[in-house]
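What follows is the content of coords_6.pdb, which has PDB, C-alpha atoms:
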```pdb
ATOM      1  CA  MET A 955      -2.476  11.087 -14.606
ATOM      2  CA  GLN A 956      -4.972  13.583 -13.206
ATOM      3  CA  LEU A 957      -6.566  12.698  -9.873
ATOM      4  CA  LEU A 958      -9.979  13.956  -8.895
ATOM      5  CA  SER A 959      -9.503  16.358  -6.007
ATOM      6  CA  THR A 960     -13.155  16.395  -4.962
ATOM      7  CA  HIS A 961     -14.078  12.728  -4.960
ATOM      8  CA  ARG A 962     -17.065  11.822  -2.815
ATOM      9  CA  VAL A 963     -17.201   8.351  -1.335
ATOM     10  CA  ASP A 964     -20.543   7.432   0.220
ATOM     11  CA  SER A 965     -19.501   4.005   1.438
ATOM     12  CA  VAL A 966     -16.422   1.881   1.207
ATOM     13  CA  ALA A 967     -16.729  -1.878   1.316
ATOM     14  CA  MET A 968     -12.981  -2.459   1.302
ATOM     15  CA  ARG A 969     -10.635  -1.333   3.987
ATOM     16  CA  LEU A 970      -6.875  -1.276   3.657
ATOM     17  CA  SER A 971      -4.752  -2.253   6.618
ATOM     18  CA  LEU A 972      -3.055   0.415   8.724
ATOM     19  CA  PHE A 973       0.235  -1.028   7.501
ATOM     20  CA  THR A 974      -0.707  -0.199   3.903
ATOM     21  CA  ASP A 975      -2.051   3.211   4.910
ATOM     22  CA  TYR A 976       1.180   4.053   6.746
ATOM     23  CA  SER A 977       3.272   2.681   3.866
ATOM     24  CA  LEU A 978       1.577   4.997   1.403
ATOM     25  CA  ARG A 979       1.935   7.942   3.784
ATOM     26  CA  VAL A 980       5.676   7.311   4.276
ATOM     27  CA  LEU A 981       6.169   7.129   0.516
ATOM     28  CA  MET A 982       4.203  10.337  -0.013
ATOM     29  CA  PHE A 983       6.228  12.074   2.704
ATOM     30  CA  GLY A 984       9.489  10.965   1.087
ATOM     31  CA  ALA A 985       8.373  12.074  -2.362
ATOM     32  CA  LEU A 986       7.272  15.475  -1.080
ATOM     33  CA  LYS A 987      10.458  15.929   0.961
ATOM     34  CA  GLY A 988      12.689  15.036  -1.981
ATOM     35  CA  GLU A 989      15.666  14.371   0.275
ATOM     36  CA  ALA A 990      16.677  12.319   3.308
ATOM     37  CA  PHE A 991      14.277  12.339   6.248
ATOM     38  CA  SER A 992      13.992  10.678   9.633
ATOM     39  CA  LEU A 993      11.393   8.422  11.207
ATOM     40  CA  SER A 994      10.748  11.137  13.767
ATOM     41  CA  GLU A 995       9.849  13.620  11.025
ATOM     42  CA  VAL A 996       7.276  11.254   9.538
ATOM     43  CA  ALA A 997       5.902  10.302  12.947
ATOM     44  CA  GLY A 998       5.482  13.968  13.853
ATOM     45  CA  ALA A 999       3.949  14.961  10.532
ATOM     46  CA  TYR A1000       1.262  12.282  10.676
ATOM     47  CA  ALA A1001       0.978  11.848  14.466
ATOM     48  CA  ILE A1002       1.832   8.153  14.103
ATOM     49  CA  SER A1003       3.806   6.050  16.566
ATOM     50  CA  ARG A1004       7.472   5.850  15.641
ATOM     51  CA  ASN A1005       7.403   2.137  16.556
ATOM     52  CA  HIS A1006       4.727   1.450  13.932
ATOM     53  CA  LEU A1007       6.784   3.273  11.322
ATOM     54  CA  VAL A1008       9.939   1.252  12.012
ATOM     55  CA  LYS A1009       8.242  -1.887  10.645
ATOM     56  CA  VAL A1010       6.833  -0.010   7.665
ATOM     57  CA  VAL A1011      10.166   1.554   6.724
ATOM     58  CA  ASN A1012      12.026  -1.758   7.102
ATOM     59  CA  PHE A1013       9.499  -3.504   4.865
ATOM     60  CA  LEU A1014       9.519  -0.760   2.223
ATOM     61  CA  SER A1015      13.324  -0.763   2.178
ATOM     62  CA  LYS A1016      13.387  -4.545   1.607
ATOM     63  CA  LEU A1017      11.110  -4.004  -1.395
ATOM     64  CA  GLY A1018      13.416  -1.274  -2.766
ATOM     65  CA  TYR A1019      10.960   1.591  -2.317
ATOM     66  CA  LEU A1020      13.175   3.200   0.340
ATOM     67  CA  ASP A1021      16.908   3.464   0.964
ATOM     68  CA  THR A1022      18.009   3.703   4.587
ATOM     69  CA  ARG A1023      21.375   4.761   5.978
ATOM     70  CA  ARG A1024      22.425   4.772   9.616
ATOM     71  CA  GLY A1025      24.718   7.152  11.380
ATOM     72  CA  ARG A1026      25.824  10.678  10.708
ATOM     73  CA  GLY A1027      24.460  11.910   7.405
ATOM     74  CA  GLY A1028      22.061   8.984   7.352
ATOM     75  CA  GLY A1029      18.343   8.901   6.990
ATOM     76  CA  ILE A1030      15.623   7.551   4.763
ATOM     77  CA  GLU A1031      15.121   8.401   1.098
ATOM     78  CA  LEU A1032      13.010   7.097  -1.739
ATOM     79  CA  GLY A1033      14.760   4.206  -3.439
ATOM     80  CA  MET A1034      12.908   4.845  -6.694
ATOM     81  CA  LYS A1035      11.639   7.880  -8.545
ATOM     82  CA  PRO A1036       8.025   8.745  -7.576
ATOM     83  CA  ASP A1037       6.837   8.293 -11.158
ATOM     84  CA  LYS A1038       8.088   4.675 -11.090
ATOM     85  CA  ILE A1039       6.225   3.631  -7.925
ATOM     86  CA  ARG A1040       2.856   2.132  -8.892
ATOM     87  CA  ILE A1041       0.225   2.465  -6.164
ATOM     88  CA  GLY A1042      -1.523  -0.806  -7.053
ATOM     89  CA  LEU A1043       1.699  -2.762  -6.629
ATOM     90  CA  VAL A1044       2.479  -1.088  -3.299
ATOM     91  CA  VAL A1045      -0.989  -1.989  -2.016
ATOM     92  CA  ARG A1046      -0.690  -5.593  -3.256
ATOM     93  CA  ARG A1047       2.685  -5.965  -1.528
ATOM     94  CA  THR A1048       1.651  -4.404   1.777
ATOM     95  CA  GLU A1049      -1.745  -6.030   2.197
ATOM     96  CA  ASN A1050      -1.206  -9.326   3.989
ATOM     97  CA  ASN A1051      -4.727 -10.686   3.526
ATOM     98  CA  PRO A1052      -5.932 -10.302  -0.060
ATOM     99  CA  VAL A1053      -8.651 -12.950   0.468
ATOM    100  CA  ILE A1054     -12.018 -11.183   0.345
ATOM    101  CA  VAL A1055     -14.165 -14.168   1.314
ATOM    102  CA  GLU A1056     -13.390 -17.658   2.544
ATOM    103  CA  CYS A1057     -13.906 -19.420  -0.789
ATOM    104  CA  PHE A1058     -10.946 -17.555  -2.312
ATOM    105  CA  ASP A1059      -8.568 -19.663  -0.204
ATOM    106  CA  PRO A1060      -8.754 -23.384  -1.000
ATOM    107  CA  LYS A1061      -6.914 -24.212   2.251
ATOM    108  CA  THR A1062      -9.592 -22.691   4.501
ATOM    109  CA  ASN A1063     -12.682 -22.941   2.311
ATOM    110  CA  THR A1064     -15.585 -24.699   4.034
ATOM    111  CA  CYS A1065     -18.424 -23.080   2.059
ATOM    112  CA  PRO A1066     -21.003 -25.731   1.148
ATOM    113  CA  ILE A1067     -22.071 -23.925  -2.047
ATOM    114  CA  HIS A1068     -18.545 -23.418  -3.405
ATOM    115  CA  GLY A1069     -18.505 -24.111  -7.122
ATOM    116  CA  MET A1070     -22.220 -23.419  -7.539
ATOM    117  CA  CYS A1071     -22.241 -19.808  -6.373
ATOM    118  CA  ARG A1072     -21.423 -16.780  -8.499
ATOM    119  CA  LEU A1073     -20.282 -14.648  -5.558
ATOM    120  CA  LYS A1074     -16.630 -15.625  -5.925
ATOM    121  CA  GLY A1075     -16.603 -14.538  -9.576
ATOM    122  CA  VAL A1076     -18.341 -11.251  -8.846
ATOM    123  CA  LEU A1077     -16.008 -10.403  -5.956
ATOM    124  CA  GLY A1078     -12.981 -11.466  -7.988
ATOM    125  CA  GLU A1079     -14.045  -9.119 -10.768
ATOM    126  CA  ALA A1080     -14.514  -6.272  -8.266
ATOM    127  CA  SER A1081     -11.096  -6.932  -6.738
ATOM    128  CA  ARG A1082      -9.426  -6.893 -10.162
ATOM    129  CA  ALA A1083     -11.189  -3.602 -10.967
ATOM    130  CA  PHE A1084      -9.964  -2.131  -7.673
ATOM    131  CA  TYR A1085      -6.338  -3.018  -8.397
ATOM    132  CA  ASP A1086      -6.624  -2.086 -12.081
ATOM    133  CA  SER A1087      -7.750   1.362 -10.953
ATOM    134  CA  LEU A1088      -4.872   1.720  -8.475
ATOM    135  CA  ASP A1089      -2.398   0.490 -11.105
ATOM    136  CA  ARG A1090      -3.140   3.570 -13.205
ATOM    137  CA  TYR A1091      -1.563   5.832 -10.573
ATOM    138  CA  THR A1092       1.971   6.442  -9.412
ATOM    139  CA  LEU A1093       3.332   8.051  -6.272
ATOM    140  CA  GLU A1094       3.958  11.172  -8.354
ATOM    141  CA  ASP A1095       0.240  11.321  -9.166
ATOM    142  CA  LEU A1096      -0.600  11.305  -5.447
ATOM    143  CA  ILE A1097       1.626  14.247  -4.571
ATOM    144  CA  GLY A1098       1.540  16.249  -7.798
ATOM    145  CA  GLY A1099      -0.829  18.867  -9.005
ATOM    146  CA  ALA A1100      -2.201  22.028  -7.483
ATOM    147  CA  ASP A1101      -2.410  20.585  -3.958
ATOM    148  CA  ARG A1102       1.307  19.753  -3.718
ATOM    149  CA  PRO A1103       2.272  23.005  -1.915
ATOM    150  CA  LYS A1104      -0.606  22.543   0.561
ATOM    151  CA  LEU A1105       0.446  18.947   1.238
ATOM    152  CA  ALA A1106       4.040  19.984   1.860
ATOM    153  CA  LYS A1107       2.973  22.783   4.185
ATOM    154  CA  LYS A1108       0.561  20.550   6.120
ATOM    155  CA  LEU A1109       3.352  18.027   6.692
ATOM    156  CA  SER A1110       5.684  20.813   7.836
ATOM    157  CA  LEU A1111       8.012  20.345   4.879
ATOM    158  CA  VAL A1112       7.947  24.057   4.094
ATOM    159  CA  ALA A1113       7.592  27.149   6.240
TER     160      ALA A1113
END
```

In structure tokens, write the structure found in this file.
Amino acid sequence: MQLLSTHRVDSVAMRLSLFTDYSLRVLMFGALKGEAFSLSEVAGAYAISRNHLVKVVNFLSKLGYLDTRRGRGGGIELGMKPDKIRIGLVVRRTENNPVIVECFDPKTNTCPIHGMCRLKGVLGEASRAFYDSLDRYTLEDLIGGADRPKLAKKLSLVA
């Protein structure tokens, strides 16, 4: 799938967690590298704390997106081919709070107009559209195309 390289965003109502952001970056790094890499390489490439990345890598390996091996000859590698990793699913799995507004969660809902208001339906529709859009893309889509060599160079994966 072709991604728009010059996409202008005037405002963004949704914000992904840093955990999701870092998860996507680690996966992109691994796909661009195409071979085993270390936490230190990723941390250096993105200027991210190694400690933050430990949690991300552990979580992604539990989901099967990454394979990790300790010791000599070890490292981190993609556990799946980049064209099999759907971005929408990664975001769903890494976001720990998919509730947009209180009324989406029956356990914590205290809204006095719940059931009479159309906001929940409108926001639900928007959320589905957001994930439907992300579901159209794979990890390969994020790193492919004309910008791939520039991405690899920026992350110090090539000289």

Selection under test: the PyMOL selection byres ((chain A and resi 982-984) around 7); residues as a PDB file with C-alpha atoms, keeping the file's coordinate frame:
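So the final result, stored in expr.pdb, reads:
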```pdb
ATOM      1  CA  LEU A 978       1.577   4.997   1.403  1.00  0.00           C
ATOM      2  CA  ARG A 979       1.935   7.942   3.784  1.00  0.00           C
ATOM      3  CA  VAL A 980       5.676   7.311   4.276  1.00  0.00           C
ATOM      4  CA  LEU A 981       6.169   7.129   0.516  1.00  0.00           C
ATOM      5  CA  ALA A 985       8.373  12.074  -2.362  1.00  0.00           C
ATOM      6  CA  LEU A 986       7.272  15.475  -1.080  1.00  0.00           C
ATOM      7  CA  LYS A 987      10.458  15.929   0.961  1.00  0.00           C
ATOM      8  CA  GLY A 988      12.689  15.036  -1.981  1.00  0.00           C
ATOM      9  CA  VAL A 996       7.276  11.254   9.538  1.00  0.00           C
ATOM     10  CA  GLU A1031      15.121   8.401   1.098  1.00  0.00           C
ATOM     11  CA  LEU A1032      13.010   7.097  -1.739  1.00  0.00           C
ATOM     12  CA  LEU A1093       3.332   8.051  -6.272  1.00  0.00           C
ATOM     13  CA  ILE A1097       1.626  14.247  -4.571  1.00  0.00           C
TER      14      ILE A1097
END
```

Worksheet item: Using only C-alpha atoms, what residues lie at most 10 Å away from (6.3, 1.7, 7.1) (file coordinates), given as a count of residues only?
Response: 26

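Here the PyMOL selection byres ((chain A and resi 999) around 9) matches the residues A:Phe983, A:Ser994, A:Glu995, A:Val996, A:Ala997, A:Gly998, A:Tyr1000, A:Ala1001, A:Ile1002, A:Lys1108, A:Leu1109, A:Ser1110, A:Leu1111.
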
Worksheet item: Between A:Ile1067, A:Asp1059, A:Tyr1091, A:Phe991, which one has atoms that come closest to Gly1028 (chain A), using all atoms listed in the file?
Response: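 Counting all atoms listed in the file, the residue closest to Gly1028 (chain A) is A:Phe991.
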
Worksheet item: Interatomic distance between CA of Thr1092 (chain A) and CA of Arg1024 (chain A)?
Response: 28.0 Å

Worksheet entry | Separation of CA of Glu1094 (chain A) from CA of Pro1036 (chain A) in Å |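 Pair CA of Pro1036 (chain A) / CA of Glu1094 (chain A) returns 4.8 Å.
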
Item to complete: For the structure provided, state which residues fall under the PyMOL selection byres ((chain A and resi 1049) around 8), and present them as an NGL selection string.
Response: :A and (970-971 or 973-974 or 1045-1048 or 1050-1052)

Keeping only C-alpha atoms, take the residues you just selected and write them out as a compact mmCIF listing (two decimals), keeping the file's coordinate frame.
```txt
# COMPACT_ATOMS: atom_id res chain seq x y z
CA LEU A 970 -6.88 -1.28 3.66
CA SER A 971 -4.75 -2.25 6.62
CA PHE A 973 0.24 -1.03 7.50
CA THR A 974 -0.71 -0.20 3.90
CA VAL A 1045 -0.99 -1.99 -2.02
CA ARG A 1046 -0.69 -5.59 -3.26
CA ARG A 1047 2.68 -5.96 -1.53
CA THR A 1048 1.65 -4.40 1.78
CA ASN A 1050 -1.21 -9.33 3.99
CA ASN A 1051 -4.73 -10.69 3.53
CA PRO A 1052 -5.93 -10.30 -0.06
```

Discussion item. Can you pull out the residues contacting Cys1071 (chain A)? Cut-off 12 Å, using only C-alpha atoms, and skip same-chain residues under 6 positions away; I want them as a list in words.
Written reply: Cys1057, Cys1065 and Leu1077 of chain A

Worksheet item: Smallest atom-to-atom distance to Asp1037 (chain A): which of A:Tyr1019, A:Leu1073, A:Leu1105, A:Phe1058, using all atoms listed in the file?
Response: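 Once distances to Asp1037 (chain A) are computed over all atoms listed in the file, the minimum belongs to A:Tyr1019.
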
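Ranking A:Asn1063, A:Val1055, A:Leu1088, A:Leu1017 by their shortest atom-to-atom distance to Gly1075 (chain A), with all atoms listed in the file included, puts A:Val1055 first.
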
Worksheet item: In Å, how far is it from CA of Gly1018 (chain A) to CA of Glu989 (chain A)?
Response: 16.1 Å

Worksheet, complete the sentence: Using only C-alpha atoms, the best pick from A:Arg1090, A:Arg1072, A:Arg1023, A:Lys1107 as closest to Ile1041 (chain A) would be A:Arg1090

Worksheet item: With all atoms listed in the file as the basis for distance, which of A:Gly1027, A:Gly1042, A:Gly1033, A:Pro1103 is at the shortest distance from Asp1086 (chain A)?
Response: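 Distance minimum relative to Asp1086 (chain A) lands on A:Gly1042.
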
How would region 1076-1087 of chain A read, as a short mmCIF file (atom, residue, chain, number, x, y, z; two decimals), keeping the file's coordinate frame, once all heavy atoms are built in?
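Produced file selection_16.cif, reproduced below:
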```
data_model
loop_
_atom_site.label_atom_id
_atom_site.label_comp_id
_atom_site.auth_asym_id
_atom_site.auth_seq_id
_atom_site.Cartn_x
_atom_site.Cartn_y
_atom_site.Cartn_z
N VAL A 1076 -17.98 -12.67 -8.93
CA VAL A 1076 -18.34 -11.25 -8.85
C VAL A 1076 -17.33 -10.49 -7.98
O VAL A 1076 -16.86 -9.41 -8.35
CB VAL A 1076 -19.77 -11.09 -8.29
CG1 VAL A 1076 -20.06 -9.64 -7.93
CG2 VAL A 1076 -20.79 -11.62 -9.28
N LEU A 1077 -16.98 -11.06 -6.83
CA LEU A 1077 -16.01 -10.40 -5.96
C LEU A 1077 -14.61 -10.40 -6.57
O LEU A 1077 -13.85 -9.43 -6.39
CB LEU A 1077 -15.99 -11.06 -4.58
CG LEU A 1077 -17.26 -10.86 -3.75
CD1 LEU A 1077 -17.18 -11.66 -2.46
CD2 LEU A 1077 -17.49 -9.40 -3.47
N GLY A 1078 -14.26 -11.44 -7.29
CA GLY A 1078 -12.98 -11.47 -7.99
C GLY A 1078 -12.89 -10.37 -9.04
O GLY A 1078 -11.87 -9.69 -9.18
N GLU A 1079 -13.98 -10.18 -9.77
CA GLU A 1079 -14.04 -9.12 -10.77
C GLU A 1079 -13.90 -7.74 -10.11
O GLU A 1079 -13.17 -6.88 -10.60
CB GLU A 1079 -15.37 -9.20 -11.52
CG GLU A 1079 -15.55 -8.15 -12.58
CD GLU A 1079 -16.92 -8.24 -13.25
OE1 GLU A 1079 -17.54 -9.32 -13.26
OE2 GLU A 1079 -17.36 -7.20 -13.76
N ALA A 1080 -14.60 -7.55 -8.99
CA ALA A 1080 -14.51 -6.27 -8.27
C ALA A 1080 -13.10 -6.02 -7.76
O ALA A 1080 -12.59 -4.90 -7.84
CB ALA A 1080 -15.51 -6.25 -7.11
N SER A 1081 -12.46 -7.06 -7.24
CA SER A 1081 -11.10 -6.93 -6.74
C SER A 1081 -10.14 -6.56 -7.87
O SER A 1081 -9.28 -5.69 -7.71
CB SER A 1081 -10.67 -8.24 -6.07
OG SER A 1081 -9.35 -8.16 -5.60
N ARG A 1082 -10.28 -7.23 -9.01
CA ARG A 1082 -9.43 -6.89 -10.16
C ARG A 1082 -9.64 -5.45 -10.59
O ARG A 1082 -8.69 -4.74 -10.91
CB ARG A 1082 -9.69 -7.85 -11.32
CG ARG A 1082 -9.05 -9.23 -11.12
CD ARG A 1082 -9.18 -10.11 -12.36
NE ARG A 1082 -10.57 -10.38 -12.72
CZ ARG A 1082 -11.34 -11.31 -12.16
NH1 ARG A 1082 -10.85 -12.08 -11.20
NH2 ARG A 1082 -12.58 -11.50 -12.58
N ALA A 1083 -10.89 -4.98 -10.59
CA ALA A 1083 -11.19 -3.60 -10.97
C ALA A 1083 -10.55 -2.62 -9.99
O ALA A 1083 -10.02 -1.58 -10.40
CB ALA A 1083 -12.70 -3.38 -11.03
N PHE A 1084 -10.58 -2.96 -8.71
CA PHE A 1084 -9.96 -2.13 -7.67
C PHE A 1084 -8.47 -1.97 -7.95
O PHE A 1084 -7.96 -0.85 -8.01
CB PHE A 1084 -10.20 -2.78 -6.31
CG PHE A 1084 -9.48 -2.13 -5.16
CD1 PHE A 1084 -9.91 -0.92 -4.64
CD2 PHE A 1084 -8.38 -2.76 -4.59
CE1 PHE A 1084 -9.25 -0.33 -3.57
CE2 PHE A 1084 -7.72 -2.17 -3.52
CZ PHE A 1084 -8.16 -0.96 -3.02
N TYR A 1085 -7.78 -3.09 -8.15
CA TYR A 1085 -6.34 -3.02 -8.40
C TYR A 1085 -6.02 -2.42 -9.77
O TYR A 1085 -5.03 -1.70 -9.91
CB TYR A 1085 -5.68 -4.38 -8.21
CG TYR A 1085 -5.53 -4.73 -6.75
CD1 TYR A 1085 -6.31 -5.72 -6.17
CD2 TYR A 1085 -4.64 -4.03 -5.95
CE1 TYR A 1085 -6.18 -6.02 -4.82
CE2 TYR A 1085 -4.51 -4.32 -4.61
CZ TYR A 1085 -5.27 -5.32 -4.04
OH TYR A 1085 -5.15 -5.60 -2.70
N ASP A 1086 -6.84 -2.71 -10.77
CA ASP A 1086 -6.62 -2.09 -12.08
C ASP A 1086 -6.70 -0.57 -11.97
O ASP A 1086 -5.92 0.15 -12.59
CB ASP A 1086 -7.67 -2.58 -13.10
CG ASP A 1086 -7.43 -4.00 -13.56
OD1 ASP A 1086 -6.35 -4.57 -13.29
OD2 ASP A 1086 -8.36 -4.57 -14.18
N SER A 1087 -7.62 -0.08 -11.17
CA SER A 1087 -7.75 1.36 -10.95
C SER A 1087 -6.51 1.92 -10.26
O SER A 1087 -5.93 2.92 -10.69
CB SER A 1087 -9.00 1.66 -10.13
OG SER A 1087 -9.12 3.03 -9.87
#
```
